[in-house]
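Student: Next up, input_23.pdb (PDB, C-alpha atoms, pLDDT in the B column).
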ATOM      1  CA  MET A  13       0.000   0.000   0.000  1.00 52.00           C
ATOM      2  CA  ALA A  14       1.353   3.423  -0.976  1.00 71.00           C
ATOM      3  CA  GLU A  15       2.379   5.670   1.892  1.00 90.00           C
ATOM      4  CA  ARG A  16       0.130   8.669   2.453  1.00 95.00           C
ATOM      5  CA  PRO A  17       1.795  11.929   1.454  1.00 98.00           C
ATOM      6  CA  LEU A  18       2.024  14.857   3.812  1.00 98.00           C
ATOM      7  CA  ILE A  19      -0.474  17.421   2.548  1.00 98.00           C
ATOM      8  CA  VAL A  20       0.539  21.062   2.296  1.00 98.00           C
ATOM      9  CA  PHE A  21      -2.091  23.700   1.555  1.00 98.00           C
ATOM     10  CA  ASP A  22      -1.871  27.052  -0.092  1.00 98.00           C
ATOM     11  CA  VAL A  23      -4.145  29.421   1.871  1.00 97.00           C
ATOM     12  CA  ASN A  24      -5.387  32.449  -0.101  1.00 95.00           C
ATOM     13  CA  GLU A  25      -8.243  31.401  -2.408  1.00 96.00           C
ATOM     14  CA  THR A  26      -7.439  27.702  -1.919  1.00 98.00           C
ATOM     15  CA  LEU A  27      -8.865  27.615   1.628  1.00 98.00           C
ATOM     16  CA  LEU A  28     -10.157  31.174   2.057  1.00 97.00           C
ATOM     17  CA  ASP A  29     -12.700  32.983  -0.102  1.00 97.00           C
ATOM     18  CA  LEU A  30     -10.827  35.712  -1.965  1.00 95.00           C
ATOM     19  CA  GLU A  31     -14.055  36.896  -3.595  1.00 95.00           C
ATOM     20  CA  THR A  32     -15.098  38.473  -0.290  1.00 94.00           C
ATOM     21  CA  MET A  33     -12.510  41.167  -1.098  1.00 94.00           C
ATOM     22  CA  ALA A  34     -14.171  42.109  -4.388  1.00 94.00           C
ATOM     23  CA  PRO A  35     -16.767  44.595  -3.035  1.00 93.00           C
ATOM     24  CA  ILE A  36     -14.076  46.760  -1.408  1.00 91.00           C
ATOM     25  CA  PHE A  37     -12.080  46.959  -4.632  1.00 94.00           C
ATOM     26  CA  GLU A  38     -15.234  47.662  -6.619  1.00 95.00           C
ATOM     27  CA  ARG A  39     -16.119  50.522  -4.270  1.00 93.00           C
ATOM     28  CA  ILE A  40     -12.654  52.070  -4.481  1.00 93.00           C
ATOM     29  CA  PHE A  41     -11.955  51.507  -8.190  1.00 94.00           C
ATOM     30  CA  LYS A  42     -15.545  51.531  -9.538  1.00 94.00           C
ATOM     31  CA  ASP A  43     -14.601  48.404 -11.473  1.00 94.00           C
ATOM     32  CA  GLY A  44     -15.958  44.895 -10.914  1.00 92.00           C
ATOM     33  CA  GLY A  45     -12.711  43.341 -12.150  1.00 95.00           C
ATOM     34  CA  ALA A  46     -10.377  45.422  -9.979  1.00 96.00           C
ATOM     35  CA  MET A  47      -9.785  42.770  -7.316  1.00 96.00           C
ATOM     36  CA  ARG A  48      -8.851  40.087  -9.842  1.00 95.00           C
ATOM     37  CA  LEU A  49      -6.512  42.490 -11.636  1.00 96.00           C
ATOM     38  CA  TRP A  50      -4.884  43.350  -8.313  1.00 95.00           C
ATOM     39  CA  PHE A  51      -4.408  39.696  -7.346  1.00 95.00           C
ATOM     40  CA  ALA A  52      -3.036  38.757 -10.770  1.00 96.00           C
ATOM     41  CA  ASN A  53      -0.527  41.621 -10.576  1.00 97.00           C
ATOM     42  CA  LEU A  54       0.352  40.684  -6.993  1.00 96.00           C
ATOM     43  CA  ILE A  55       1.395  37.232  -8.220  1.00 97.00           C
ATOM     44  CA  LEU A  56       3.106  38.680 -11.303  1.00 98.00           C
ATOM     45  CA  TYR A  57       5.283  41.051  -9.303  1.00 98.00           C
ATOM     46  CA  SER A  58       5.989  38.557  -6.524  1.00 97.00           C
ATOM     47  CA  CYS A  59       7.374  36.259  -9.236  1.00 98.00           C
ATOM     48  CA  ALA A  60       9.256  39.117 -10.954  1.00 98.00           C
ATOM     49  CA  LEU A  61      10.883  40.230  -7.716  1.00 98.00           C
ATOM     50  CA  THR A  62      11.833  36.642  -6.890  1.00 98.00           C
ATOM     51  CA  ILE A  63      13.445  36.125 -10.296  1.00 97.00           C
ATOM     52  CA  ALA A  64      15.284  39.435  -9.807  1.00 98.00           C
ATOM     53  CA  ASP A  65      16.488  38.162  -6.400  1.00 97.00           C
ATOM     54  CA  ALA A  66      14.848  41.133  -4.660  1.00 97.00           C
ATOM     55  CA  TYR A  67      12.741  39.843  -1.761  1.00 97.00           C
ATOM     56  CA  VAL A  68       9.807  41.961  -0.567  1.00 96.00           C
ATOM     57  CA  PRO A  69       7.208  40.586   1.894  1.00 94.00           C
ATOM     58  CA  PHE A  70       3.910  39.643   0.255  1.00 93.00           C
ATOM     59  CA  THR A  71       1.933  42.306   2.094  1.00 88.00           C
ATOM     60  CA  GLY A  72       4.399  44.945   0.920  1.00 90.00           C
ATOM     61  CA  ILE A  73       3.995  43.838  -2.689  1.00 93.00           C
ATOM     62  CA  GLY A  74       0.207  43.831  -2.307  1.00 90.00           C
ATOM     63  CA  GLY A  75       0.154  47.384  -1.026  1.00 88.00           C
ATOM     64  CA  ALA A  76       2.524  48.610  -3.729  1.00 91.00           C
ATOM     65  CA  VAL A  77       0.504  46.923  -6.486  1.00 93.00           C
ATOM     66  CA  MET A  78      -2.701  48.491  -5.191  1.00 92.00           C
ATOM     67  CA  GLN A  79      -1.061  51.942  -5.174  1.00 92.00           C
ATOM     68  CA  MET A  80       0.244  51.373  -8.701  1.00 95.00           C
ATOM     69  CA  GLN A  81      -3.210  50.335  -9.858  1.00 95.00           C
ATOM     70  CA  ALA A  82      -4.784  53.386  -8.237  1.00 95.00           C
ATOM     71  CA  LYS A  83      -2.239  55.851  -9.651  1.00 95.00           C
ATOM     72  CA  ALA A  84      -2.778  54.468 -13.147  1.00 95.00           C
ATOM     73  CA  LYS A  85      -6.449  55.407 -12.807  1.00 94.00           C
ATOM     74  CA  GLY A  86      -5.924  58.686 -10.955  1.00 96.00           C
ATOM     75  CA  ILE A  87      -7.556  57.327  -7.790  1.00 95.00           C
ATOM     76  CA  GLU A  88      -6.539  58.369  -4.277  1.00 92.00           C
ATOM     77  CA  ILE A  89      -6.652  55.584  -1.691  1.00 89.00           C
ATOM     78  CA  SER A  90      -7.405  56.848   1.802  1.00 86.00           C
ATOM     79  CA  GLU A  91      -5.904  55.547   5.033  1.00 84.00           C
ATOM     80  CA  ALA A  92      -9.345  54.213   5.934  1.00 86.00           C
ATOM     81  CA  ASP A  93      -9.433  52.272   2.649  1.00 84.00           C
ATOM     82  CA  LYS A  94      -6.007  50.783   3.357  1.00 82.00           C
ATOM     83  CA  ALA A  95      -7.048  49.764   6.867  1.00 82.00           C
ATOM     84  CA  GLU A  96     -10.247  48.143   5.591  1.00 85.00           C
ATOM     85  CA  LEU A  97      -8.388  46.210   2.899  1.00 83.00           C
ATOM     86  CA  THR A  98      -5.777  44.978   5.381  1.00 81.00           C
ATOM     87  CA  ASP A  99      -8.472  43.893   7.833  1.00 84.00           C
ATOM     88  CA  LYS A 100     -10.555  42.109   5.195  1.00 86.00           C
ATOM     89  CA  PHE A 101      -7.550  40.314   3.731  1.00 86.00           C
ATOM     90  CA  ALA A 102      -6.611  39.012   7.173  1.00 85.00           C
ATOM     91  CA  SER A 103     -10.146  37.842   7.938  1.00 87.00           C
ATOM     92  CA  MET A 104     -11.376  36.188   4.720  1.00 93.00           C
ATOM     93  CA  PRO A 105     -13.719  33.301   5.608  1.00 95.00           C
ATOM     94  CA  PRO A 106     -13.062  29.716   4.512  1.00 97.00           C
ATOM     95  CA  HIS A 107     -14.932  28.383   1.499  1.00 97.00           C
ATOM     96  CA  PRO A 108     -18.062  26.569   2.757  1.00 97.00           C
ATOM     97  CA  GLU A 109     -16.762  23.016   2.224  1.00 98.00           C
ATOM     98  CA  VAL A 110     -13.271  23.609   3.641  1.00 98.00           C
ATOM     99  CA  PRO A 111     -13.654  22.925   7.408  1.00 98.00           C
ATOM    100  CA  ALA A 112     -15.434  19.581   6.943  1.00 98.00           C
ATOM    101  CA  ALA A 113     -13.093  18.502   4.112  1.00 98.00           C
ATOM    102  CA  LEU A 114     -10.022  19.264   6.238  1.00 98.00           C
ATOM    103  CA  ARG A 115     -11.441  17.256   9.125  1.00 98.00           C
ATOM    104  CA  LYS A 116     -12.242  14.376   6.779  1.00 98.00           C
ATOM    105  CA  LEU A 117      -8.648  14.278   5.535  1.00 98.00           C
ATOM    106  CA  ARG A 118      -7.276  14.440   9.055  1.00 97.00           C
ATOM    107  CA  ASP A 119      -9.684  11.727  10.263  1.00 97.00           C
ATOM    108  CA  HIS A 120      -8.376   9.472   7.481  1.00 96.00           C
ATOM    109  CA  GLY A 121      -4.829   9.832   8.771  1.00 96.00           C
ATOM    110  CA  PHE A 122      -3.450  12.604   6.569  1.00 98.00           C
ATOM    111  CA  ARG A 123      -1.102  15.105   8.199  1.00 98.00           C
ATOM    112  CA  LEU A 124      -1.965  18.678   7.223  1.00 98.00           C
ATOM    113  CA  PHE A 125       0.319  21.708   6.837  1.00 98.00           C
ATOM    114  CA  THR A 126       0.233  25.113   5.142  1.00 98.00           C
ATOM    115  CA  LEU A 127       2.694  27.032   2.981  1.00 98.00           C
ATOM    116  CA  THR A 128       1.980  30.595   1.909  1.00 96.00           C
ATOM    117  CA  ASP A 129       3.748  33.682   0.631  1.00 96.00           C
ATOM    118  CA  ASN A 130       2.033  35.653   3.398  1.00 92.00           C
ATOM    119  CA  LEU A 131       3.723  36.583   6.645  1.00 92.00           C
ATOM    120  CA  LEU A 132       3.202  33.864   9.239  1.00 93.00           C
ATOM    121  CA  GLU A 133       1.291  36.209  11.549  1.00 92.00           C
ATOM    122  CA  ILE A 134      -1.140  37.184   8.768  1.00 91.00           C
ATOM    123  CA  GLN A 135      -1.648  33.533   7.877  1.00 93.00           C
ATOM    124  CA  GLY A 136      -2.265  32.710  11.535  1.00 94.00           C
ATOM    125  CA  ARG A 137      -4.843  35.454  11.896  1.00 92.00           C
ATOM    126  CA  GLN A 138      -6.622  34.293   8.753  1.00 94.00           C
ATOM    127  CA  LEU A 139      -6.832  30.662   9.834  1.00 96.00           C
ATOM    128  CA  GLU A 140      -7.717  31.484  13.429  1.00 95.00           C
ATOM    129  CA  GLN A 141     -10.581  33.775  12.434  1.00 91.00           C
ATOM    130  CA  GLY A 142     -11.721  31.097  10.006  1.00 92.00           C
ATOM    131  CA  GLY A 143     -11.842  28.551  12.837  1.00 95.00           C
ATOM    132  CA  ILE A 144      -9.502  26.089  11.113  1.00 97.00           C
ATOM    133  CA  ILE A 145      -6.056  26.844  12.529  1.00 97.00           C
ATOM    134  CA  ASP A 146      -6.079  23.839  14.875  1.00 97.00           C
ATOM    135  CA  LEU A 147      -6.456  21.433  11.938  1.00 98.00           C
ATOM    136  CA  PHE A 148      -2.873  22.031  10.814  1.00 98.00           C
ATOM    137  CA  GLU A 149       0.126  20.373  12.402  1.00 98.00           C
ATOM    138  CA  ARG A 150       2.499  23.131  11.371  1.00 98.00           C
ATOM    139  CA  ARG A 151       2.396  26.294   9.247  1.00 98.00           C
ATOM    140  CA  PHE A 152       5.089  27.613   6.930  1.00 98.00           C
ATOM    141  CA  SER A 153       5.725  30.977   5.289  1.00 97.00           C
ATOM    142  CA  VAL A 154       8.372  31.781   2.692  1.00 97.00           C
ATOM    143  CA  ASP A 155       9.157  34.824   4.845  1.00 96.00           C
ATOM    144  CA  GLN A 156      10.483  32.642   7.669  1.00 92.00           C
ATOM    145  CA  GLU A 157      13.726  31.526   6.069  1.00 91.00           C
ATOM    146  CA  VAL A 158      13.749  30.996   2.327  1.00 95.00           C
ATOM    147  CA  ARG A 159      12.546  34.508   1.344  1.00 96.00           C
ATOM    148  CA  ARG A 160      11.655  33.474  -2.191  1.00 97.00           C
ATOM    149  CA  HIS A 161       8.029  33.438  -3.243  1.00 98.00           C
ATOM    150  CA  LYS A 162       6.284  30.431  -4.723  1.00 98.00           C
ATOM    151  CA  PRO A 163       6.643  28.899  -7.287  1.00 98.00           C
ATOM    152  CA  ALA A 164      10.401  29.196  -6.715  1.00 98.00           C
ATOM    153  CA  PRO A 165      11.778  25.683  -6.016  1.00 98.00           C
ATOM    154  CA  GLU A 166      13.416  26.895  -2.807  1.00 98.00           C
ATOM    155  CA  ALA A 167       9.973  27.449  -1.243  1.00 98.00           C
ATOM    156  CA  TYR A 168       8.948  23.807  -1.591  1.00 98.00           C
ATOM    157  CA  ALA A 169      12.426  22.529  -0.699  1.00 98.00           C
ATOM    158  CA  TYR A 170      12.251  24.543   2.527  1.00 98.00           C
ATOM    159  CA  VAL A 171       9.154  22.648   3.691  1.00 98.00           C
ATOM    160  CA  THR A 172      10.560  19.279   2.657  1.00 98.00           C
ATOM    161  CA  ARG A 173      13.789  19.983   4.523  1.00 98.00           C
ATOM    162  CA  SER A 174      11.996  21.308   7.615  1.00 98.00           C
ATOM    163  CA  LEU A 175       9.830  18.204   7.878  1.00 98.00           C
ATOM    164  CA  GLY A 176      12.712  15.807   7.206  1.00 98.00           C
ATOM    165  CA  THR A 177      10.961  14.173   4.268  1.00 97.00           C
ATOM    166  CA  THR A 178      11.631  13.697   0.549  1.00 98.00           C
ATOM    167  CA  PRO A 179       9.773  15.491  -2.271  1.00 98.00           C
ATOM    168  CA  SER A 180       7.970  12.270  -3.247  1.00 97.00           C
ATOM    169  CA  GLN A 181       6.364  12.198   0.209  1.00 97.00           C
ATOM    170  CA  MET A 182       4.770  15.636  -0.247  1.00 98.00           C
ATOM    171  CA  CYS A 183       1.518  16.768  -1.878  1.00 98.00           C
ATOM    172  CA  LEU A 184       0.464  20.378  -2.418  1.00 98.00           C
ATOM    173  CA  ILE A 185      -3.195  21.368  -2.651  1.00 98.00           C
ATOM    174  CA  ALA A 186      -3.773  24.750  -4.291  1.00 98.00           C
ATOM    175  CA  SER A 187      -6.263  26.540  -6.505  1.00 98.00           C
ATOM    176  CA  HIS A 188      -3.571  28.167  -8.663  1.00 97.00           C
ATOM    177  CA  THR A 189      -1.836  26.414 -11.543  1.00 97.00           C
ATOM    178  CA  TRP A 190       1.359  28.435 -11.031  1.00 97.00           C
ATOM    179  CA  ASP A 191       1.597  26.879  -7.552  1.00 98.00           C
ATOM    180  CA  THR A 192       0.897  23.270  -8.577  1.00 98.00           C
ATOM    181  CA  LEU A 193       3.361  23.722 -11.452  1.00 98.00           C
ATOM    182  CA  GLY A 194       6.071  24.730  -8.994  1.00 98.00           C
ATOM    183  CA  ALA A 195       5.302  21.862  -6.634  1.00 98.00           C
ATOM    184  CA  VAL A 196       5.335  19.175  -9.340  1.00 98.00           C
ATOM    185  CA  ALA A 197       8.566  20.608 -10.767  1.00 98.00           C
ATOM    186  CA  ALA A 198      10.035  20.290  -7.248  1.00 98.00           C
ATOM    187  CA  GLY A 199       9.144  16.576  -7.164  1.00 98.00           C
ATOM    188  CA  TRP A 200       5.919  16.830  -5.154  1.00 98.00           C
ATOM    189  CA  GLN A 201       2.487  15.532  -5.999  1.00 98.00           C
ATOM    190  CA  ALA A 202      -0.089  18.270  -6.455  1.00 98.00           C
ATOM    191  CA  ALA A 203      -3.846  18.714  -6.565  1.00 98.00           C
ATOM    192  CA  LEU A 204      -5.549  21.646  -8.285  1.00 98.00           C
ATOM    193  CA  ILE A 205      -8.861  22.930  -6.951  1.00 98.00           C
ATOM    194  CA  LYS A 206     -10.591  24.552  -9.923  1.00 97.00           C
ATOM    195  CA  ARG A 207     -12.212  27.438  -8.124  1.00 94.00           C
ATOM    196  CA  VAL A 208     -13.996  30.010 -10.278  1.00 89.00           C
ATOM    197  CA  GLY A 209     -11.524  31.471 -12.770  1.00 87.00           C
ATOM    198  CA  ASN A 210      -8.863  28.796 -12.176  1.00 91.00           C
ATOM    199  CA  GLU A 211      -8.096  26.001 -14.646  1.00 93.00           C
ATOM    200  CA  VAL A 212      -5.377  23.580 -15.690  1.00 95.00           C
ATOM    201  CA  LEU A 213      -2.645  24.960 -17.955  1.00 96.00           C
ATOM    202  CA  SER A 214      -2.088  22.577 -20.882  1.00 95.00           C
ATOM    203  CA  VAL A 215       1.701  22.996 -20.884  1.00 97.00           C
ATOM    204  CA  GLY A 216       4.305  22.313 -18.209  1.00 96.00           C
ATOM    205  CA  PRO A 217       4.160  19.983 -15.172  1.00 96.00           C
ATOM    206  CA  GLN A 218       0.611  18.778 -14.579  1.00 97.00           C
ATOM    207  CA  PRO A 219      -1.241  18.254 -11.270  1.00 98.00           C
ATOM    208  CA  ASN A 220      -1.883  14.675 -10.200  1.00 98.00           C
ATOM    209  CA  TYR A 221      -5.439  15.448  -9.122  1.00 98.00           C
ATOM    210  CA  THR A 222      -8.032  18.054 -10.063  1.00 98.00           C
ATOM    211  CA  GLY A 223     -11.379  18.764  -8.460  1.00 98.00           C
ATOM    212  CA  LYS A 224     -14.148  21.315  -8.278  1.00 97.00           C
ATOM    213  CA  ASP A 225     -13.598  21.939  -4.555  1.00 98.00           C
ATOM    214  CA  LEU A 226     -11.619  20.646  -1.591  1.00 98.00           C
ATOM    215  CA  ASP A 227     -14.202  17.978  -0.786  1.00 98.00           C
ATOM    216  CA  ASP A 228     -13.785  16.548  -4.289  1.00 98.00           C
ATOM    217  CA  VAL A 229      -9.983  16.507  -4.003  1.00 98.00           C
ATOM    218  CA  ALA A 230     -10.166  15.023  -0.487  1.00 98.00           C
ATOM    219  CA  ASP A 231     -12.301  12.129  -1.747  1.00 98.00           C
ATOM    220  CA  GLN A 232      -9.773  11.417  -4.513  1.00 98.00           C
ATOM    221  CA  LEU A 233      -6.874  11.352  -2.034  1.00 98.00           C
ATOM    222  CA  ILE A 234      -8.765   9.116   0.385  1.00 97.00           C
ATOM    223  CA  ALA A 235      -9.595   6.710  -2.459  1.00 97.00           C
ATOM    224  CA  ARG A 236      -5.947   6.688  -3.558  1.00 96.00           C
ATOM    225  CA  TYR A 237      -4.636   6.175  -0.016  1.00 96.00           C
ATOM    226  CA  PRO A 238      -7.299   4.204   1.914  1.00 91.00           C
ATOM    227  CA  GLY A 239      -6.919   3.561   5.621  1.00 74.00           C
TER     228      GLY A 239
END
Could the structure of this file be written out as structure tokens, please?
Tutor:
Amino acid sequence: MAERPLIVFDVNETLLDLETMAPIFERIFKDGGAMRLWFANLILYSCALTIADAYVPFTGIGGAVMQMQAKAKGIEISEADKAELTDKFASMPPHPEVPAALRKLRDHGFRLFTLTDNLLEIQGRQLEQGGIIDLFERRFSVDQEVRRHKPAPEAYAYVTRSLGTTPSQMCLIASHTWDTLGAVAAGWQAALIKRVGNEVLSVGPQPNYTGKDLDDVADQLIARYPG
């Protein structure tokens, strides 16, 4: 019987509902697509800075991207707006199926971890407010040591090294193809949750599992690695 992999979760959008941020961006930018543009540019510039070997914490990149987006449209962002955005980002609720799906995986013997580009304290606040922090054995942030944003191979190697495992013993669950691509390239298994607006890229390393939500992916993993 195949050994169960250790499961590592991305957090933003994978576990937590990023769409709850959309109304704030729409109010500030008067544009229904502003939040998605911001998030796409956040990932773009986190990757660009990593390739350029210029580390900036994720929250710092997020704030700078929002300012850039506002300046391009001649919009002034108030201190109250910034405070509201910071608070909402740190308190996004889990997707409806997430708490039960996490418990199901844990009850079937899977060990659960997280790995995000966010600061560890932001991640902790998010998961605590979402009522799911106790379901994870340990939490990782690229800010702790590696200081290179996903999908840089060093981010995944950092978790593997910290847990004393090998890449083949690891499985990432994420809702972003750029993240599963990085994990598979690093020798991990990966599962892609196809949340709204997220799909498989037809080129490059492919995820081992795909599903419409975490419950779907959890059922596939449990079937692959029965008790």
Student: Could you tell me which of A:Val20, A:Ile144, A:Val208, A:Ala230 comes closest to Ala167 (chain A) if we count all atoms listed in the file?
Tutor: A:Val20
Student: Check what the PyMOL selection byres ((chain A and resi 148-162) around 9) selects in the file above and give those residues as a VMD selection string.
Tutor: chain A and resid 20 58 to 59 61 to 63 65 to 70 114 118 123 to 132 135 to 136 144 to 147 163 to 168 170 to 171 190 to 191 194 to 195
Student: Taking all atoms listed in the file into account, name the residue in A:Asn53, A:Ser174, A:Ala113, A:Leu27 that is nearest to Asp227 (chain A).
Tutor: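 Of A:Asn53, A:Ser174, A:Ala113, A:Leu27, the one nearest Asp227 (chain A) is A:Ala113, counting all atoms listed in the file.
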Student: Given all atoms listed in the file as the basis, pick out the residue of A:Gln201, A:His188, A:Phe122, A:Lys94 nearest to Ala76 (chain A).
Tutor: A:Lys94
Student: Using all atoms listed in the file, can you list as a list in words the residues within 9 Å of (-3.0, 43.8, -1.2)?
Tutor: Trp50, Phe51, Leu54, Phe70, Thr71, Gly72, Ile73, Gly74, Gly75, Ala76, Val77, Met78, Lys94, Leu97, Thr98 and Phe101 of chain A
Student: Using Å and a single decimal, report how far CA of Lys42 (chain A) sits from CA of Pro106 (chain A).
Tutor: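 Atom-to-atom, CA of Pro106 (chain A) and CA of Lys42 (chain A) are spaced 26.1 Å apart.
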